[in-house]
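Novice: So I've got this file, work13.tsv, and it contains TSV, C-alpha atoms:
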chain	number	residue	atom	x	y	z
A	1	MET	CA	-4.91	20.88	-10.26
A	2	GLU	CA	-5.13	24.63	-10.07
A	3	GLU	CA	-7.58	27.16	-8.70
A	4	LYS	CA	-9.57	28.35	-11.72
A	5	ARG	CA	-13.11	28.90	-12.94
A	6	ILE	CA	-14.63	25.96	-14.75
A	7	SER	CA	-17.50	25.20	-17.08
A	8	GLU	CA	-20.55	23.16	-16.00
A	9	LYS	CA	-19.33	20.22	-18.08
A	10	GLU	CA	-15.90	20.37	-16.41
A	11	SER	CA	-17.61	20.42	-13.00
A	12	LEU	CA	-19.35	17.17	-13.76
A	13	GLU	CA	-16.09	15.64	-14.99
A	14	ILE	CA	-14.29	16.65	-11.79
A	15	ILE	CA	-17.02	15.15	-9.58
A	16	THR	CA	-16.98	11.90	-11.58
A	17	ALA	CA	-13.16	11.70	-11.56
A	18	MET	CA	-12.91	12.30	-7.80
A	19	ILE	CA	-15.57	9.69	-7.03
A	20	ALA	CA	-13.61	7.21	-9.16
A	21	ARG	CA	-10.33	8.08	-7.41
A	22	THR	CA	-11.76	7.52	-3.93
A	23	LYS	CA	-12.86	4.05	-5.06
A	24	ASP	CA	-9.21	3.05	-5.66
A	25	ARG	CA	-8.76	2.81	-1.98
A	26	TYR	CA	-5.98	1.38	0.11
A	27	ILE	CA	-7.24	-1.98	1.39
A	28	GLY	CA	-5.10	-1.69	4.52
A	29	ASN	CA	-2.51	-4.08	5.84
A	30	GLY	CA	-3.03	-7.12	8.01
A	31	ASN	CA	-0.46	-6.29	10.67
A	32	ILE	CA	-2.99	-5.92	13.51
A	33	MET	CA	-4.55	-9.27	12.61
A	34	LEU	CA	-1.09	-10.85	12.52
A	35	LEU	CA	-0.28	-9.41	15.95
A	36	TRP	CA	-3.41	-10.95	17.53
A	37	GLY	CA	-3.10	-14.16	15.53
A	38	TYR	CA	0.55	-14.93	16.35
A	39	LEU	CA	0.10	-13.74	19.95
A	40	THR	CA	-2.89	-16.05	20.52
A	41	VAL	CA	-1.19	-19.02	18.83
A	42	ALA	CA	2.07	-18.47	20.77
A	43	VAL	CA	0.29	-18.16	24.14
A	44	SER	CA	-1.96	-21.15	23.37
A	45	LEU	CA	1.06	-23.32	22.52
A	46	ALA	CA	2.92	-22.11	25.62
A	47	VAL	CA	-0.04	-22.84	27.94
A	48	TRP	CA	-0.68	-26.22	26.29
A	49	ILE	CA	2.96	-27.34	26.61
A	50	LEU	CA	3.45	-25.98	30.14
A	51	LEU	CA	0.21	-27.58	31.41
A	52	ALA	CA	1.16	-30.91	29.86
A	53	VAL	CA	4.69	-30.84	31.28
A	54	THR	CA	4.04	-29.43	34.77
A	55	LEU	CA	0.34	-30.33	35.37
A	56	ASN	CA	0.13	-26.98	37.16
A	57	GLY	CA	-3.10	-25.05	36.41
A	58	ALA	CA	-1.41	-21.77	37.40
A	59	TRP	CA	0.01	-21.59	33.86
A	60	ASN	CA	-3.52	-20.71	32.69
A	61	ARG	CA	-2.79	-17.19	33.93
A	62	LEU	CA	-0.62	-16.79	30.85
A	63	TRP	CA	-3.86	-16.32	28.85
A	64	PHE	CA	-3.98	-12.80	30.26
A	65	LEU	CA	-0.86	-12.01	28.21
A	66	ILE	CA	-3.06	-11.93	25.08
A	67	PRO	CA	-5.18	-8.90	26.08
A	68	ALA	CA	-2.28	-7.30	28.00
A	69	ILE	CA	0.08	-7.26	24.98
A	70	GLY	CA	-2.62	-6.97	22.29
A	71	LEU	CA	-4.47	-4.04	23.84
A	72	THR	CA	-1.21	-2.19	24.53
A	73	VAL	CA	0.27	-2.53	21.04
A	74	THR	CA	-2.91	-2.27	18.89
A	75	PRO	CA	-3.55	1.51	19.40
A	76	PHE	CA	0.00	2.34	18.20
A	77	MET	CA	-0.36	0.11	15.14
A	78	ASP	CA	-3.81	1.55	14.44
A	79	ARG	CA	-2.49	5.14	14.52
A	80	LYS	CA	0.33	4.23	12.11
A	81	HIS	CA	-2.20	2.50	9.86
A	82	GLN	CA	-4.40	5.60	9.82
A	83	ARG	CA	-1.43	7.80	8.95
A	84	ASP	CA	-0.34	5.48	6.10
A	85	ASN	CA	-3.90	5.19	4.80
A	86	GLY	CA	-4.72	8.92	4.79
A	87	VAL	CA	-8.45	8.35	4.46
A	88	LYS	CA	-11.27	6.85	6.49
A	89	THR	CA	-14.36	5.63	4.70
A	90	PHE	CA	-17.77	4.70	6.08
A	91	SER	CA	-16.86	1.00	5.84
A	92	ASP	CA	-13.65	1.70	7.85
A	93	VAL	CA	-15.74	3.31	10.60
A	94	VAL	CA	-18.26	0.44	10.62
A	95	THR	CA	-15.62	-2.31	10.75
A	96	SER	CA	-13.58	-0.49	13.38
A	97	ARG	CA	-16.67	-0.14	15.63
A	98	LEU	CA	-17.58	-3.76	14.98
A	99	TRP	CA	-14.17	-4.90	16.30
A	100	ALA	CA	-14.41	-2.45	19.20
A	101	ILE	CA	-17.77	-4.01	20.21
A	102	ALA	CA	-16.43	-7.56	19.81
A	103	GLY	CA	-13.22	-6.76	21.73
A	104	GLY	CA	-14.95	-4.65	24.37
A	105	SER	CA	-17.55	-7.31	25.13
A	106	GLU	CA	-14.71	-9.83	25.38
A	107	ILE	CA	-13.23	-7.74	28.20
A	108	VAL	CA	-16.65	-7.64	29.91
A	109	VAL	CA	-16.93	-11.46	29.67
A	110	THR	CA	-13.46	-11.78	31.25
A	111	ILE	CA	-14.47	-9.48	34.13
A	112	VAL	CA	-17.75	-11.37	34.68
A	113	CYS	CA	-15.86	-14.71	34.74
A	114	LEU	CA	-13.41	-13.26	37.30
A	115	ILE	CA	-16.27	-11.94	39.49
A	116	ILE	CA	-18.12	-15.29	39.37
A	117	ARG	CA	-14.89	-17.10	40.25
A	118	TYR	CA	-14.25	-14.71	43.15
A	119	LEU	CA	-17.83	-14.80	44.52
A	120	THR	CA	-18.77	-18.46	44.01
A	121	GLY	CA	-15.54	-20.26	43.19
A	122	ALA	CA	-17.20	-21.61	40.03
A	123	ASN	CA	-15.00	-22.00	36.96
A	124	CYS	CA	-16.75	-20.57	33.93
A	125	TRP	CA	-13.73	-19.93	31.69
A	126	SER	CA	-15.24	-22.10	28.97
A	127	ALA	CA	-17.63	-19.16	28.44
A	128	MET	CA	-14.57	-17.17	27.29
A	129	LEU	CA	-13.71	-19.79	24.68
A	130	VAL	CA	-17.30	-19.95	23.46
A	131	TYR	CA	-17.66	-16.19	23.34
A	132	THR	CA	-14.29	-15.63	21.65
A	133	LEU	CA	-15.01	-18.17	18.96
A	134	ILE	CA	-18.49	-16.78	18.25
A	135	ALA	CA	-18.05	-12.99	18.56
A	136	MET	CA	-14.67	-12.71	16.78
A	137	PRO	CA	-15.59	-14.84	13.74
A	138	ILE	CA	-18.92	-12.98	13.32
A	139	ALA	CA	-17.07	-9.63	13.40
A	140	GLU	CA	-14.55	-10.97	10.89
A	141	ILE	CA	-17.20	-12.37	8.53
A	142	ALA	CA	-19.04	-9.03	8.66
A	143	GLN	CA	-15.79	-7.15	7.91
A	144	GLY	CA	-15.07	-9.52	5.02
A	145	LEU	CA	-18.52	-8.93	3.56
A	146	ILE	CA	-18.26	-5.15	4.00
A	147	ILE	CA	-14.83	-4.77	2.39
A	148	LYS	CA	-15.42	-7.68	-0.03
A	149	GLU	CA	-12.39	-9.63	1.15
A	150	LYS	CA	-12.95	-13.39	0.81
A	151	SER	CA	-10.02	-14.41	3.03
A	152	LEU	CA	-11.72	-12.68	5.99
A	153	THR	CA	-15.11	-14.26	5.28
A	154	ALA	CA	-13.57	-17.73	4.83
A	155	GLY	CA	-11.29	-17.38	7.89
A	156	GLY	CA	-14.22	-16.17	9.97
A	157	ALA	CA	-16.31	-19.12	8.79
A	158	VAL	CA	-13.63	-21.58	9.97
A	159	GLY	CA	-13.48	-19.79	13.34
A	160	LEU	CA	-17.26	-19.84	13.64
A	161	ALA	CA	-17.36	-23.58	12.85
A	162	VAL	CA	-14.90	-24.20	15.72
A	163	GLY	CA	-17.03	-21.89	17.88
A	164	ILE	CA	-20.18	-23.90	17.13
A	165	VAL	CA	-18.37	-27.16	18.01
A	166	THR	CA	-17.23	-25.51	21.28
A	167	VAL	CA	-20.77	-24.34	22.17
A	168	CYS	CA	-22.20	-27.80	21.52
A	169	CYS	CA	-19.47	-29.50	23.59
A	170	VAL	CA	-19.98	-27.11	26.51
A	171	ALA	CA	-23.78	-27.49	26.33
A	172	GLY	CA	-23.45	-31.29	26.14
A	173	HIS	CA	-20.94	-31.39	29.04
A	174	ILE	CA	-18.26	-32.88	26.78
A	175	SER	CA	-14.82	-32.05	28.18
A	176	LEU	CA	-12.68	-29.81	26.00
A	177	VAL	CA	-9.60	-32.00	26.35
A	178	ALA	CA	-6.37	-30.20	25.46
A	179	SER	CA	-5.09	-33.00	23.20
A	180	TRP	CA	-7.83	-32.41	20.63
A	181	TYR	CA	-9.23	-29.03	21.56
A	182	MET	CA	-6.01	-26.98	21.61
A	183	PRO	CA	-5.05	-27.88	18.01
A	184	LEU	CA	-8.61	-26.97	16.99
A	185	PHE	CA	-8.40	-23.63	18.84
A	186	ILE	CA	-5.01	-22.86	17.25
A	187	LEU	CA	-6.34	-23.85	13.81
A	188	ALA	CA	-9.23	-21.41	14.28
A	189	PHE	CA	-6.84	-18.52	14.99
A	190	VAL	CA	-4.50	-19.44	12.14
A	191	ALA	CA	-7.51	-19.42	9.77
A	192	MET	CA	-9.09	-16.29	11.29
A	193	MET	CA	-6.09	-14.05	11.83
A	194	ILE	CA	-2.80	-15.34	10.43
A	195	VAL	CA	-3.84	-16.43	6.92
A	196	PRO	CA	-6.03	-13.36	6.19
A	197	GLY	CA	-3.38	-11.09	7.76
A	198	HIS	CA	-0.72	-12.34	5.33
A	199	ILE	CA	-3.14	-12.14	2.39
A	200	LEU	CA	-4.04	-8.52	3.28
A	201	ASN	CA	-0.33	-7.65	3.59
A	202	SER	CA	0.39	-9.19	0.22
A	203	LYS	CA	-2.47	-7.24	-1.41
A	204	SER	CA	-1.37	-4.08	0.34
A	205	LYS	CA	2.18	-4.45	-1.08
A	206	GLN	CA	0.77	-4.94	-4.59
A	207	GLN	CA	-1.14	-1.65	-4.23
B	1	MET	CA	-32.23	28.83	-13.32
B	2	LYS	CA	-30.40	28.41	-9.97
B	3	GLU	CA	-27.03	30.11	-9.73
B	4	LEU	CA	-24.05	27.80	-9.18
B	5	ASN	CA	-22.47	28.31	-5.74
B	6	PRO	CA	-19.28	30.30	-6.56
B	7	LEU	CA	-17.44	28.77	-3.63
B	8	LEU	CA	-17.88	25.30	-5.07
B	9	HIS	CA	-17.69	26.27	-8.73
B	10	SER	CA	-13.90	26.15	-8.77
B	11	GLN	CA	-11.72	23.25	-9.85
B	12	LEU	CA	-9.82	22.43	-6.66
B	13	ARG	CA	-12.53	23.25	-4.10
B	14	LEU	CA	-15.03	21.13	-6.03
B	15	ALA	CA	-12.53	18.27	-6.23
B	16	VAL	CA	-11.93	18.41	-2.46
B	17	MET	CA	-15.66	18.52	-1.71
B	18	SER	CA	-16.33	15.61	-4.11
B	19	ILE	CA	-13.77	13.48	-2.28
B	20	LEU	CA	-15.02	14.44	1.17
B	21	MET	CA	-18.60	13.61	0.16
B	22	ASN	CA	-17.44	10.02	-0.39
B	23	VAL	CA	-15.36	9.42	2.71
B	24	GLU	CA	-15.71	10.00	6.45
B	25	GLU	CA	-12.41	11.89	6.63
B	26	ALA	CA	-9.28	12.42	4.58
B	27	ASP	CA	-5.91	13.85	5.50
B	28	PHE	CA	-4.01	16.60	3.71
B	29	VAL	CA	-1.57	14.21	2.02
B	30	TYR	CA	-4.40	12.08	0.62
B	31	LEU	CA	-6.26	15.14	-0.71
B	32	LYS	CA	-3.09	16.54	-2.26
B	33	GLU	CA	-2.38	13.21	-3.99
B	34	LYS	CA	-5.92	12.65	-5.28
B	35	THR	CA	-6.44	16.23	-6.48
B	36	GLU	CA	-2.89	16.47	-7.90
B	37	SER	CA	-2.57	19.95	-6.41
B	38	THR	CA	0.28	21.82	-4.73
B	39	ALA	CA	0.44	22.00	-0.94
B	40	GLY	CA	0.18	25.81	-0.92
B	41	ASN	CA	-2.85	25.98	-3.19
B	42	LEU	CA	-4.62	23.14	-1.41
B	43	SER	CA	-4.01	24.78	1.95
B	44	VAL	CA	-5.55	28.08	0.75
B	45	GLN	CA	-8.63	26.33	-0.68
B	46	LEU	CA	-9.12	24.27	2.47
B	47	ASP	CA	-9.08	27.50	4.49
B	48	LYS	CA	-11.79	28.97	2.23
B	49	LEU	CA	-13.99	25.85	2.58
B	50	SER	CA	-13.40	25.80	6.31
B	51	SER	CA	-14.25	29.52	6.69
B	52	ALA	CA	-17.53	28.88	4.86
B	53	GLY	CA	-18.31	26.10	7.33
B	54	TYR	CA	-18.29	23.45	4.59
B	55	ILE	CA	-15.50	21.38	6.12
B	56	THR	CA	-13.75	21.00	9.45
B	57	VAL	CA	-9.97	20.92	9.54
B	58	THR	CA	-8.35	19.24	12.54
B	59	LYS	CA	-4.62	19.45	13.06
B	60	GLY	CA	-3.00	16.78	15.19
B	61	PHE	CA	0.05	14.60	15.62
B	62	VAL	CA	0.71	10.98	14.74
B	63	GLY	CA	3.97	10.18	16.49
B	64	LYS	CA	6.20	13.17	15.77
B	65	LYS	CA	4.57	14.03	12.44
B	66	THR	CA	1.72	16.49	12.04
B	67	ARG	CA	-1.50	15.27	10.43
B	68	THR	CA	-4.26	17.53	9.11
B	69	VAL	CA	-7.60	15.79	8.81
B	70	CYS	CA	-10.57	17.19	6.87
B	71	ARG	CA	-14.22	16.24	7.24
B	72	ILE	CA	-17.28	17.55	5.45
B	73	THR	CA	-19.93	19.23	7.63
B	74	ALA	CA	-23.73	19.02	7.32
B	75	THR	CA	-23.67	22.55	5.80
B	76	GLY	CA	-21.06	21.43	3.28
B	77	ARG	CA	-23.08	18.34	2.39
B	78	ASP	CA	-26.20	20.46	1.81
B	79	ALA	CA	-24.24	22.98	-0.26
B	80	PHE	CA	-22.76	20.21	-2.41
B	81	GLU	CA	-26.17	18.64	-2.99
B	82	GLU	CA	-27.63	22.02	-3.97
B	83	TYR	CA	-24.67	22.58	-6.30
B	84	VAL	CA	-25.27	19.22	-8.02
B	85	ASP	CA	-28.99	20.01	-8.35
B	86	ALA	CA	-28.16	23.36	-9.96
B	87	LEU	CA	-25.61	21.69	-12.21
B	88	ARG	CA	-28.28	19.23	-13.39
B	89	GLN	CA	-30.40	22.17	-14.55
B	90	TYR	CA	-27.50	23.74	-16.45
B	91	ILE	CA	-26.59	20.61	-18.34
B	92	SER	CA	-30.22	19.38	-18.52
B	93	LEU	CA	-29.61	15.96	-17.02
What would you get if you wrote out this structure as structure tokens?

Specialist:
Amino acid sequence: MEEKRISEKESLEIITAMIARTKDRYIGNGNIMLLWGYLTVAVSLAVWILLAVTLNGAWNRLWFLIPAIGLTVTPFMDRKHQRDNGVKTFSDVVTSRLWAIAGGSEIVVTIVCLIIRYLTGANCWSAMLVYTLIAMPIAEIAQGLIIKEKSLTAGGAVGLAVGIVTVCCVAGHISLVASWYMPLFILAFVAMMIVPGHILNSKSKQQ
Amino acid sequence: MKELNPLLHSQLRLAVMSILMNVEEADFVYLKEKTESTAGNLSVQLDKLSSAGYITVTKGFVGKKTRTVCRITATGRDAFEEYVDALRQYISL
């Protein structure tokens, strides 16, 4: 395209063509979802196995590896993603803020749980499970609806279903026993993060 | 009949503005690819749009590589809308 004067009809054609070209947008890859998905599944399996073998509750501290590694690596991956993408649309901004709210409030819940534990000795970590499996799936379903990606909506729905089961169990004082709850928790993250992450990567390669 | 804004009534500048009206921000490489322009020409036209206050151009780094990001301003959005209104009159839409 060169710098030259144009007719009114050509102006209209340029506007129409550019609008059409911005619609062919890069869907983005699923690497950040895969990072959080595999990290959560790996830590969950590690905690589950170590608790079963040693019966030592101290292994629960390994859960903190998820935010420690995830929050450190995500900004680097996000910057690379932005550079590869080259463009940021309104839906990118909305979904990015949605995840920031979901992730940020997750940190607040962790801090509140730590404060309650420190002040009263009460163990309210089940609130983390409930919150994670409600806030994250809702953010994912919303993202799926915004970018019209069914794998995100479906994965989020599976996560939300596990979240609803968790809420009901906690409210009904039913113990979340590792033997049945951990596989369910892992299944939720496979459905929410790992499967959609691979699908997004596959679509991204096709583009 | 309203006069067409001469700053926008040019092939490449209009193409850039049309893209930026549809996105929150776009980098130099993306604009160059979508407008099928040369780096030199695009750079000159971006300077003109930026001087008119129609777009903001932010230069930064991603890793070791430079990245120039363009965003449309409120003035640019108004100018584009006025241009489209004027265009409608010319082609009697």

Novice: Which residues of range 128-192 of chain A come within 9 Å of range 39-56 of chain A, and for each one, what is the closest pair of atoms and their distance in Å to one decimal, counting all atoms listed in the file, sorted by chain and residue number, as JSON lines?

Specialist:
{"residue": "A:Ala178", "atom": "CA", "partner": "A:Trp48", "partner_atom": "CA", "distance": 7.0}
{"residue": "A:Ser179", "atom": "CA", "partner": "A:Trp48", "partner_atom": "CA", "distance": 8.7}
{"residue": "A:Met182", "atom": "CA", "partner": "A:Trp48", "partner_atom": "CA", "distance": 7.1}
{"residue": "A:Pro183", "atom": "CA", "partner": "A:Leu45", "partner_atom": "CA", "distance": 8.9}
{"residue": "A:Phe185", "atom": "CA", "partner": "A:Ser44", "partner_atom": "CA", "distance": 8.3}
{"residue": "A:Ile186", "atom": "CA", "partner": "A:Val41", "partner_atom": "CA", "distance": 5.6}
{"residue": "A:Leu187", "atom": "CA", "partner": "A:Val41", "partner_atom": "CA", "distance": 8.7}
{"residue": "A:Phe189", "atom": "CA", "partner": "A:Val41", "partner_atom": "CA", "distance": 6.8}
{"residue": "A:Val190", "atom": "CA", "partner": "A:Val41", "partner_atom": "CA", "distance": 7.5}

Novice: Counting all atoms listed in the file, a student should be able to say which residues of chain B come within 6 Å of chain A; what is the right answer, written as number ranges by chain?

Specialist: B: 10-12, 18-19, 23-27, 30, 36-37

Novice: Do you have the CA of Glu3 in chain B-CA of Lys32 in chain B distance handy?

Specialist: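 Separation of CA of Glu3 in chain B and CA of Lys32 in chain B: 28.5 Å.
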
Novice: Can you list, as a list in words, every protein, DNA or RNA residue that comes within 10 Å of Tyr90 in chain B when you count all atoms listed in the file, leaving out same-chain residues fewer than 3 positions away?

Specialist: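 Result of the neighbour search: Glu8 and Lys9 of chain A; Met1, Lys2, Glu3, Leu4, Val84, Asp85, Ala86, Leu87 and Leu93 of chain B.
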
Novice: Go through A:Thr72, A:Asn29, A:His81, A:Asn60 and flag the residue nearest Val62 in chain B, using all atoms listed in the file for the distances.

Specialist: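 Looking at the shortest contact to Val62 in chain B, the residue is A:His81.
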
Novice: Enter the distance from CA of Met136 in chain A to CA of Trp59 in chain A, in Å, rounded to one decimal.

Specialist: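 So the two atoms, CA of Met136 in chain A and CA of Trp59 in chain A, lie 24.2 Å apart.
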
Novice: How would range 191-202 of chain A of the given structure read as a file with all heavy atoms, as an mmCIF file, in the first residue's frame?

Specialist:
data_model
loop_
_atom_site.group_PDB
_atom_site.id
_atom_site.type_symbol
_atom_site.label_atom_id
_atom_site.label_comp_id
_atom_site.auth_asym_id
_atom_site.auth_seq_id
_atom_site.Cartn_x
_atom_site.Cartn_y
_atom_site.Cartn_z
ATOM 1 N N ALA A 191 -9.840 -30.637 32.570
ATOM 2 C CA ALA A 191 -10.912 -30.152 31.683
ATOM 3 C C ALA A 191 -10.840 -28.638 31.478
ATOM 4 O O ALA A 191 -11.099 -28.142 30.386
ATOM 5 C CB ALA A 191 -12.268 -30.545 32.267
ATOM 6 N N MET A 192 -10.464 -27.910 32.539
ATOM 7 C CA MET A 192 -10.485 -26.440 32.470
ATOM 8 C C MET A 192 -9.263 -25.851 31.783
ATOM 9 O O MET A 192 -9.362 -24.850 31.093
ATOM 10 C CB MET A 192 -10.524 -25.842 33.888
ATOM 11 C CG MET A 192 -11.895 -25.737 34.481
ATOM 12 S SD MET A 192 -11.905 -24.572 35.848
ATOM 13 C CE MET A 192 -10.629 -25.152 36.917
ATOM 14 N N MET A 193 -8.108 -26.449 32.011
ATOM 15 C CA MET A 193 -6.863 -25.829 31.537
ATOM 16 C C MET A 193 -6.130 -26.653 30.476
ATOM 17 O O MET A 193 -5.706 -26.101 29.460
ATOM 18 C CB MET A 193 -5.895 -25.603 32.724
ATOM 19 C CG MET A 193 -6.450 -24.736 33.813
ATOM 20 S SD MET A 193 -6.413 -23.012 33.294
ATOM 21 C CE MET A 193 -7.311 -22.222 34.596
ATOM 22 N N ILE A 194 -5.954 -27.953 30.751
ATOM 23 C CA ILE A 194 -5.082 -28.742 29.867
ATOM 24 C C ILE A 194 -5.740 -29.013 28.508
ATOM 25 O O ILE A 194 -5.139 -28.748 27.456
ATOM 26 C CB ILE A 194 -4.630 -30.042 30.574
ATOM 27 C CG1 ILE A 194 -3.773 -29.667 31.801
ATOM 28 C CG2 ILE A 194 -3.847 -30.940 29.614
ATOM 29 C CD1 ILE A 194 -3.311 -30.818 32.646
ATOM 30 N N VAL A 195 -6.979 -29.487 28.527
ATOM 31 C CA VAL A 195 -7.648 -29.794 27.245
ATOM 32 C C VAL A 195 -7.829 -28.518 26.402
ATOM 33 O O VAL A 195 -7.391 -28.481 25.240
ATOM 34 C CB VAL A 195 -8.990 -30.541 27.485
ATOM 35 C CG1 VAL A 195 -9.745 -30.723 26.173
ATOM 36 C CG2 VAL A 195 -8.735 -31.890 28.146
ATOM 37 N N PRO A 196 -8.418 -27.433 26.961
ATOM 38 C CA PRO A 196 -8.555 -26.225 26.133
ATOM 39 C C PRO A 196 -7.205 -25.644 25.698
ATOM 40 O O PRO A 196 -7.083 -25.123 24.595
ATOM 41 C CB PRO A 196 -9.285 -25.227 27.035
ATOM 42 C CG PRO A 196 -9.878 -26.025 28.125
ATOM 43 C CD PRO A 196 -9.038 -27.239 28.286
ATOM 44 N N GLY A 197 -6.197 -25.761 26.558
ATOM 45 C CA GLY A 197 -4.861 -25.255 26.227
ATOM 46 C C GLY A 197 -4.312 -25.932 24.980
ATOM 47 O O GLY A 197 -3.803 -25.278 24.072
ATOM 48 N N HIS A 198 -4.434 -27.278 24.925
ATOM 49 C CA HIS A 198 -3.957 -28.008 23.741
ATOM 50 C C HIS A 198 -4.802 -27.682 22.513
ATOM 51 O O HIS A 198 -4.272 -27.567 21.405
ATOM 52 C CB HIS A 198 -3.954 -29.515 24.019
ATOM 53 C CG HIS A 198 -2.792 -29.950 24.871
ATOM 54 N ND1 HIS A 198 -1.478 -29.853 24.442
ATOM 55 C CD2 HIS A 198 -2.733 -30.446 26.140
ATOM 56 C CE1 HIS A 198 -0.674 -30.284 25.390
ATOM 57 N NE2 HIS A 198 -1.412 -30.646 26.432
ATOM 58 N N ILE A 199 -6.115 -27.525 22.709
ATOM 59 C CA ILE A 199 -6.982 -27.195 21.567
ATOM 60 C C ILE A 199 -6.612 -25.810 21.012
ATOM 61 O O ILE A 199 -6.486 -25.630 19.797
ATOM 62 C CB ILE A 199 -8.487 -27.257 21.972
ATOM 63 C CG1 ILE A 199 -8.869 -28.715 22.230
ATOM 64 C CG2 ILE A 199 -9.386 -26.646 20.904
ATOM 65 C CD1 ILE A 199 -10.262 -28.934 22.795
ATOM 66 N N LEU A 200 -6.392 -24.837 21.905
ATOM 67 C CA LEU A 200 -5.999 -23.492 21.462
ATOM 68 C C LEU A 200 -4.657 -23.527 20.724
ATOM 69 O O LEU A 200 -4.484 -22.873 19.701
ATOM 70 C CB LEU A 200 -5.903 -22.526 22.652
ATOM 71 C CG LEU A 200 -7.222 -22.024 23.249
ATOM 72 C CD1 LEU A 200 -6.947 -21.135 24.435
ATOM 73 C CD2 LEU A 200 -8.038 -21.275 22.222
ATOM 74 N N ASN A 201 -3.713 -24.335 21.245
ATOM 75 C CA ASN A 201 -2.404 -24.446 20.578
ATOM 76 C C ASN A 201 -2.541 -25.048 19.193
ATOM 77 O O ASN A 201 -1.883 -24.604 18.247
ATOM 78 C CB ASN A 201 -1.456 -25.292 21.420
ATOM 79 C CG ASN A 201 -0.689 -24.449 22.406
ATOM 80 O OD1 ASN A 201 -0.829 -23.232 22.419
ATOM 81 N ND2 ASN A 201 0.093 -25.075 23.249
ATOM 82 N N SER A 202 -3.402 -26.052 19.091
ATOM 83 C CA SER A 202 -3.600 -26.689 17.799
ATOM 84 C C SER A 202 -4.217 -25.710 16.798
ATOM 85 O O SER A 202 -3.776 -25.627 15.651
ATOM 86 C CB SER A 202 -4.477 -27.934 18.025
ATOM 87 O OG SER A 202 -5.147 -28.260 16.877
#
